[in-house]
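Asks: Pasting a structure below so you can have a look.
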Amino acid sequence: MTGVVLQPSVVRTGEGRGARWIGGAQARLAPHGRGGGWGDIGVPDRRATVRDLMAAPQPATQPLAAALAGLASGARVCAIALDDHPARTEDLQEALLAAVAQGRLGRGLLVWRSVLAVLGWLAEEADWLAPDEGLTLGVINHVGEGFTLQKLRLRREMGRGRAIFAPERRRMAQPIDSPLGYAGLFDAARKALIAGGAGPRGDWADHAQARAALALERPARAELLRTERGDFFQIDPPGALELPPDDRLGAIAGRLADCAMILFESLTTGAMRDALLKPLREACGSALIDLPEDIIARGALEAARRHDEGEPVYFDFLPQISTIVLGQDGARSHDLIEPEATLPAGRIYRSAEPAKFAIQAGQAEFSVHLRMGLAPWPRKARVEIGAPVSEIVPVSLSVEQVPAAGRARLLIDAPKLSRQFTVDWEGATELHRRWEDLVVDLDGPAPTIPKRLVLPCGMELWEDSPAGQGLTSLLAQNLRSPQVDWKVLADKLSARKLKRHCISSDGEIPDQVPKQSRAHLAQLTERALAELEDRRAGRRGSNDNHALKFLTWQFRRAPDAIPAMLLEAWQDRAAGRKHPFALSEASWVLIYQGLGRTCRSENDERIALARLFARPIEKWSYRQETAAAAFLLSRSDTAPLLLERSHVEQLAERVLMEFAAEHDTNYTRFNYAPFLLGGLLRWRLKEGNALVRGLDLLADALSVAIERTLSDFARHENRNETFLRAVSHYEPLLEQLLDELAGEGRNPDLLVDLYDA
């Protein structure tokens with residue numbers, strides 16, 4: 001269909017269920033809604049202009065379907081012009097597409113008026129025009145409120161065996177309110193007709209054909225109308241319409257100065273059109289192209305042809321939709337549409353990166369914060385699940401949308417429930433808050449981080465007591481002996497009295513220790529190290545690792561060579577080689593835990609972690625690899641920073657395995673799983689909001705494991721002494737770990753207490 005129909009209307013016939021709307025030429029000629037002189041059919045609500053239908057807050061589908069069917073029928077594709085203006089809402093888009101379907105007008109395609117202007121121009125000028133790809137065109141469209149300014153970029157695309165240009169729209173057009181818009185012109189025309197005094201009242205002017213002709217400066221013929229009493233009267237429209245004043249046209253055109261060409265589109269003709277063009281030509285010069293008044297209809301014909309033949313019609317951006325995600329980095333705004341994405345008309349867009357959430361066990365509903373397009377305020381939508389879920393349920397929020405095809409669908413996918421939920425934007429609560437403020441409010445305080453484990457030292461074990469000799473005496477005695485009793489020295493160093501060792505885990509010794517004893521310790525340390533070097537070199541053998549134990553229980557005061565020796569043993573084990581320190585399977589407890597005590601350089605920590613993760617966690621021993629990992633993470637400020645998310649997931653999986661393995665037992669092998677979990681929480685030094693329940697699925701799983709263990713502690717059968725002792729040790733600590741997983745730890749010395757357990 002080409003050409004311009006002036007002020008198309010629809011009329012309603014019949015009553016009740018038998019009522020129906022009719023459009024097209026029949027509606028234009030019908031007396032319906034033209035005044036009381038036509039009886040009951042003349043009442044105003046039996047007639048509506050298409051302009052009024054499309055401007056309604058909630059556009060009605062049936063009248064629009066009648067209007068479209070009256071203007072075009074029998075088509076395979078129905079291309080409809082849509083003003084590139086914020087007032088043309090998604091409700092209107094949905095109503096128009098529903099009207100196409102109801103009117104059985106083929107496939108519906110909504111196309112922005114600015115795009116149709118370019119398509120019509122390209123179709124008309126194709127014989128001689130050879131623009132470059134990337135050419136930017138400015139478009140000035142005449143609309144109801146005034147004018148719109150748009151910039152469209154041409155993209156070279158493949159059509160059916162040939163290259164064609166498709167406009168690319170990257171933003172909403174800029175609206176310019178003006179009394180020279182169609183609404184202002186129609187209002188001026190109505191006033192001019194009434195001022196002529198032809199009829200007794202002014203209602204007739206709303207639907208007079210002369211009104212549209214006068215507003216657009218088309219030939220306006222005399223028109224015969226009817227009064228309330230049934231008398232006919234004639235209106236003779238004036239020859240021209242006096243334009244409302246607006247001298248801004250030239251200034252606004254300057255906003256398109258960076259465009260190669262500027263296309264002007266309007267339904268006006270004659271002197272009125274010349275009056276609109278004059279300031280534009282003065283501002284734009286030769287860059288301005290005056291398009292024919294039926295260019296939009298021609299563009300719609302080209303759009304329908306392209307769509308029918310599978311050629312690109314145009315490319316469009318999608319208004320951004322965002323939500324708020326609570327994750328390891330805290331609360332952040334998550335865009336559900338790629339910022340630079342443009343999509344071919346008619347194609348469905350789906351979020352490339354859906355937002356990920358989790359429904360907590362016991363929840364029957366959850367909330368989602370949303371920011372959408374040009375909406376003035378964000379909203380909070382509540383999603384009903386129907387019944388409380390029994391476990392943590394991961395869900396993802398994504399968008400499905402077609403350019404210029406109505407409101408986006410907001411879908412929450414819950415594969416675990418085999419369900420999909422739709423988020424109702426219209427039913428959501430409007431929040432009169434800035435989006436940025438909402439994000440800050442939801443971020444909340446940073447989760448707590450347990451303090452680094454430091455085991456203190458004291459004089460209690462250095463000094464002699466009724467229980468036996470202290471370390472001072474033992475050092476002096478063994479220094480004089482040709483055969484050092486490494487076992488008695490190692491046992492004294494590993495002992496703990498009043499929660500204090502001889503040497504702190506940071507390698508410090510009490511200030512009160514005499515210089516002579518310090519010297520004795522240094523000398524015996526050298527002898528122990530020499531013995532280990534001889535064993536590594538094969539110069540002597542040994543049936544025990546007491547000298548190694550003596551050195552490792554000096555913690556970070558041990559010689560620099562000790563961590564390297566122990567890592568060497570790890571490597572030999574991985575390679576299937578025998579190592580001098582590996583005297584039996586039990587030796588590996590000392591080799592792994594000894595490294596955890598003595599490791600102090602970032603490089604050694606990096607090597608140790610790499611070798612731990614090289615061994616499948618299913619093959620780990622709770623007293624060897626699990627203990628070593630727990631020591632490394634709990635005693636160091638640098639080791640947690642070396643972890644990546646994949647490492648954390650492996651360690652957490654090991655924790656979950658050990659928790660599960662001890663269920664319904666006496667918990668005799670539970671020593672290091674809670675300790676490793678406590679050390680893992682120190683990954684928050686790197687990822688501030690990591691492992692927080694409700695924000696991190698891994699934290700949710702760990703919390704469930706703890707709660708399951710606490711429930712197991714409450715069982716009544718097999719409550720023997722060993723079991724009761726484990727419960728007394730671990731129950732309060734597991735409660736505190738739950739607090740930490742919630743980000744609200746209350747015991748900064750939790751790692752010390754876990755070590756004591």
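All residue names refer to the structure tokens as shown: chains lettered A, B, ... in order, residues numbered from 1 in each chain, ligands numbered from 1 in order.
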Hey, what's within 8 Å of segment 81-88 of chain A if we count only C-alpha atoms and toss same-chain stuff fewer than 6 positions away? As an NGL selection string, please?
Replies: :A and (55 or 110-114 or 116 or 143 or 148 or 172-175 or 296 or 300)
Asks: Please provide the set of residues having any atom within 10 Å of Gly146 of chain A, restricted to only C-alpha atoms, with same-chain residues fewer than 2 positions apart removed, written as a PyMOL selection string.
Replies: chain A and resi 141-144+148+175-185
Asks: Mind writing the picked residues with N, CA and C atoms as an mmCIF file, in the first residue's frame?
Replies:
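Okay, this is what ended up in again_17.cif:
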data_model
loop_
_atom_site.group_PDB
_atom_site.id
_atom_site.type_symbol
_atom_site.label_atom_id
_atom_site.label_comp_id
_atom_site.auth_asym_id
_atom_site.auth_seq_id
_atom_site.Cartn_x
_atom_site.Cartn_y
_atom_site.Cartn_z
ATOM 1 N N ASN A 141 11.821 13.610 11.641
ATOM 2 C CA ASN A 141 10.455 13.138 11.420
ATOM 3 C C ASN A 141 9.467 14.094 12.054
ATOM 4 N N HIS A 142 8.409 14.361 11.337
ATOM 5 C CA HIS A 142 7.309 15.171 11.839
ATOM 6 C C HIS A 142 6.375 14.227 12.597
ATOM 7 N N VAL A 143 6.096 14.501 13.879
ATOM 8 C CA VAL A 143 5.258 13.623 14.697
ATOM 9 C C VAL A 143 4.222 14.460 15.434
ATOM 10 N N GLY A 144 3.365 13.778 16.198
ATOM 11 C CA GLY A 144 2.283 14.472 16.871
ATOM 12 C C GLY A 144 2.748 15.549 17.821
ATOM 13 N N THR A 148 11.149 14.653 15.789
ATOM 14 C CA THR A 148 12.161 13.791 16.391
ATOM 15 C C THR A 148 13.422 13.854 15.546
ATOM 16 N N PRO A 175 13.348 13.679 21.091
ATOM 17 C CA PRO A 175 12.072 14.354 20.816
ATOM 18 C C PRO A 175 12.193 15.865 20.974
ATOM 19 N N ILE A 176 11.545 16.588 20.106
ATOM 20 C CA ILE A 176 11.498 18.049 20.173
ATOM 21 C C ILE A 176 10.035 18.471 20.177
ATOM 22 N N ASP A 177 9.545 18.923 21.332
ATOM 23 C CA ASP A 177 8.153 19.379 21.403
ATOM 24 C C ASP A 177 7.993 20.688 20.653
ATOM 25 N N SER A 178 6.890 20.790 19.912
ATOM 26 C CA SER A 178 6.671 22.001 19.122
ATOM 27 C C SER A 178 5.188 22.132 18.811
ATOM 28 N N PRO A 179 4.663 23.369 18.795
ATOM 29 C CA PRO A 179 3.267 23.577 18.380
ATOM 30 C C PRO A 179 3.067 23.258 16.897
ATOM 31 N N LEU A 180 4.176 23.068 16.163
ATOM 32 C CA LEU A 180 4.090 22.717 14.754
ATOM 33 C C LEU A 180 3.946 21.217 14.535
ATOM 34 N N GLY A 181 3.908 20.425 15.608
ATOM 35 C CA GLY A 181 3.636 19.000 15.464
ATOM 36 C C GLY A 181 2.216 18.781 14.985
ATOM 37 N N TYR A 182 1.905 17.552 14.588
ATOM 38 C CA TYR A 182 0.579 17.275 14.049
ATOM 39 C C TYR A 182 -0.515 17.626 15.039
ATOM 40 N N ALA A 183 -0.285 17.375 16.331
ATOM 41 C CA ALA A 183 -1.300 17.696 17.329
ATOM 42 C C ALA A 183 -1.589 19.193 17.321
ATOM 43 N N GLY A 184 -0.530 20.004 17.251
ATOM 44 C CA GLY A 184 -0.720 21.451 17.205
ATOM 45 C C GLY A 184 -1.405 21.903 15.932
ATOM 46 N N LEU A 185 -1.043 21.298 14.804
ATOM 47 C CA LEU A 185 -1.654 21.680 13.527
ATOM 48 C C LEU A 185 -3.123 21.280 13.490
#
Asks: When DSSP is applied to the backbone of this structure, which of segment 286-349 of chain A are assigned strand (DSSP E or B)? Write them out as a list of chain:residue names.
Replies: A:Leu288, A:Ile289, A:Asp290, A:Phe315, A:Asp316, A:Phe317, A:Ile321, A:Ser322, A:Thr323, A:Ile324, A:Val325, A:Leu326, A:Gly327, A:Gly330, A:Ala331, A:Arg332, A:Ser333, A:His334, A:Asp335, A:Thr342, A:Leu343, A:Pro344, A:Tyr349
Asks: Could you jot down the atom CA of Ala614 of chain A to atom CA of Leu697 of chain A separation for me, Å, one decimal place?
Replies: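 So the two atoms, atom CA of Ala614 of chain A and atom CA of Leu697 of chain A, lie 24.6 Å apart.
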Asks: Measure the distance from atom CA of Phe631 of chain A to atom CA of Gly679 of chain A in Å and round it to one decimal.
Replies: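 For atom CA of Phe631 of chain A relative to atom CA of Gly679 of chain A, the distance reads 7.7 Å.
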Asks: Please measure the separation of atom CA of Leu475 of chain A and atom CA of Arg535 of chain A, giving the value in Å to one decimal.
Replies: 22.8 Å
Asks: With a distance cut-off of 6 Å and only C-alpha atoms, select the neighbouring residues of Leu453 of chain A, excluding the residue or stretch itself and same-chain residues fewer than 6 positions from it, and output the selection as a list in words.
Replies: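 In the requested format, the answer is Ser634, Arg635, Leu751 and Val752 of chain A.
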Asks: Can you tell me, as a ChimeraX atom specification, what residues are no more than 12 Å from Leu267 of chain A when counting only C-alpha atoms, ignoring any on the same chain fewer than 3 positions away?
Replies: /A:3-7,117,141-144,181-182,185,212-218,264,270,272-273,276,290-297
Asks: Using only C-alpha atoms, which residues sit within 12 Å of Pro445 of chain A once same-chain residues fewer than 2 positions away are excluded, as a short mmCIF file (atom, residue, chain, number, x, y, z; two decimals) with N, CA, C and O atoms, in the first residue's frame?
Replies:
data_model
loop_
_atom_site.label_atom_id
_atom_site.label_comp_id
_atom_site.auth_asym_id
_atom_site.auth_seq_id
_atom_site.Cartn_x
_atom_site.Cartn_y
_atom_site.Cartn_z
N GLY A 330 30.36 -8.54 46.07
CA GLY A 330 29.35 -7.73 46.71
C GLY A 330 28.18 -7.50 45.78
O GLY A 330 28.00 -8.19 44.77
N ALA A 331 27.36 -6.51 46.10
CA ALA A 331 26.22 -6.18 45.25
C ALA A 331 26.71 -5.39 44.04
O ALA A 331 27.51 -4.48 44.17
N VAL A 440 24.18 0.18 46.53
CA VAL A 440 24.98 0.43 47.74
C VAL A 440 24.27 -0.14 48.96
O VAL A 440 24.89 -0.78 49.83
N ASP A 441 22.95 0.06 49.05
CA ASP A 441 22.20 -0.43 50.21
C ASP A 441 22.26 -1.95 50.31
O ASP A 441 22.38 -2.52 51.40
N LEU A 442 22.19 -2.62 49.17
CA LEU A 442 22.19 -4.08 49.18
C LEU A 442 23.58 -4.65 49.40
O LEU A 442 23.73 -5.82 49.74
N ASP A 443 24.60 -3.83 49.18
CA ASP A 443 25.97 -4.32 49.33
C ASP A 443 26.25 -4.68 50.79
O ASP A 443 26.82 -5.72 51.10
N PRO A 447 31.87 -9.02 54.64
CA PRO A 447 31.86 -10.22 55.49
C PRO A 447 33.11 -10.27 56.37
O PRO A 447 34.18 -9.77 56.00
N THR A 448 32.96 -10.87 57.52
CA THR A 448 34.09 -11.01 58.45
C THR A 448 35.11 -12.01 57.91
O THR A 448 34.79 -12.87 57.10
N GLY A 688 36.43 -10.29 48.40
CA GLY A 688 35.84 -9.78 49.64
C GLY A 688 34.52 -10.40 50.04
O GLY A 688 34.23 -10.51 51.23
N ASN A 689 33.70 -10.79 49.08
CA ASN A 689 32.38 -11.33 49.43
C ASN A 689 32.26 -12.80 49.07
O ASN A 689 31.17 -13.31 48.81
N VAL A 692 29.88 -16.48 50.97
CA VAL A 692 28.84 -15.93 51.84
C VAL A 692 27.52 -16.60 51.49
O VAL A 692 27.10 -16.60 50.34
N ALA A 742 27.71 -16.88 56.95
CA ALA A 742 26.72 -15.82 56.78
C ALA A 742 27.38 -14.45 56.66
O ALA A 742 26.71 -13.44 56.45
N GLY A 743 28.72 -14.42 56.81
CA GLY A 743 29.45 -13.15 56.75
C GLY A 743 29.41 -12.39 58.04
O GLY A 743 29.80 -11.21 58.08
N GLU A 744 28.96 -13.03 59.12
CA GLU A 744 28.75 -12.32 60.39
C GLU A 744 29.46 -13.04 61.54
O GLU A 744 28.86 -13.32 62.59
#
Asks: Return the single residue from A:Pro580, A:Gly507, A:Gly196, A:Pro339 that is closest to Asn543 of chain A, with distances computed using only C-alpha atoms.
Replies: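 Of A:Pro580, A:Gly507, A:Gly196, A:Pro339, the one nearest Asn543 of chain A is A:Pro580, counting only C-alpha atoms.
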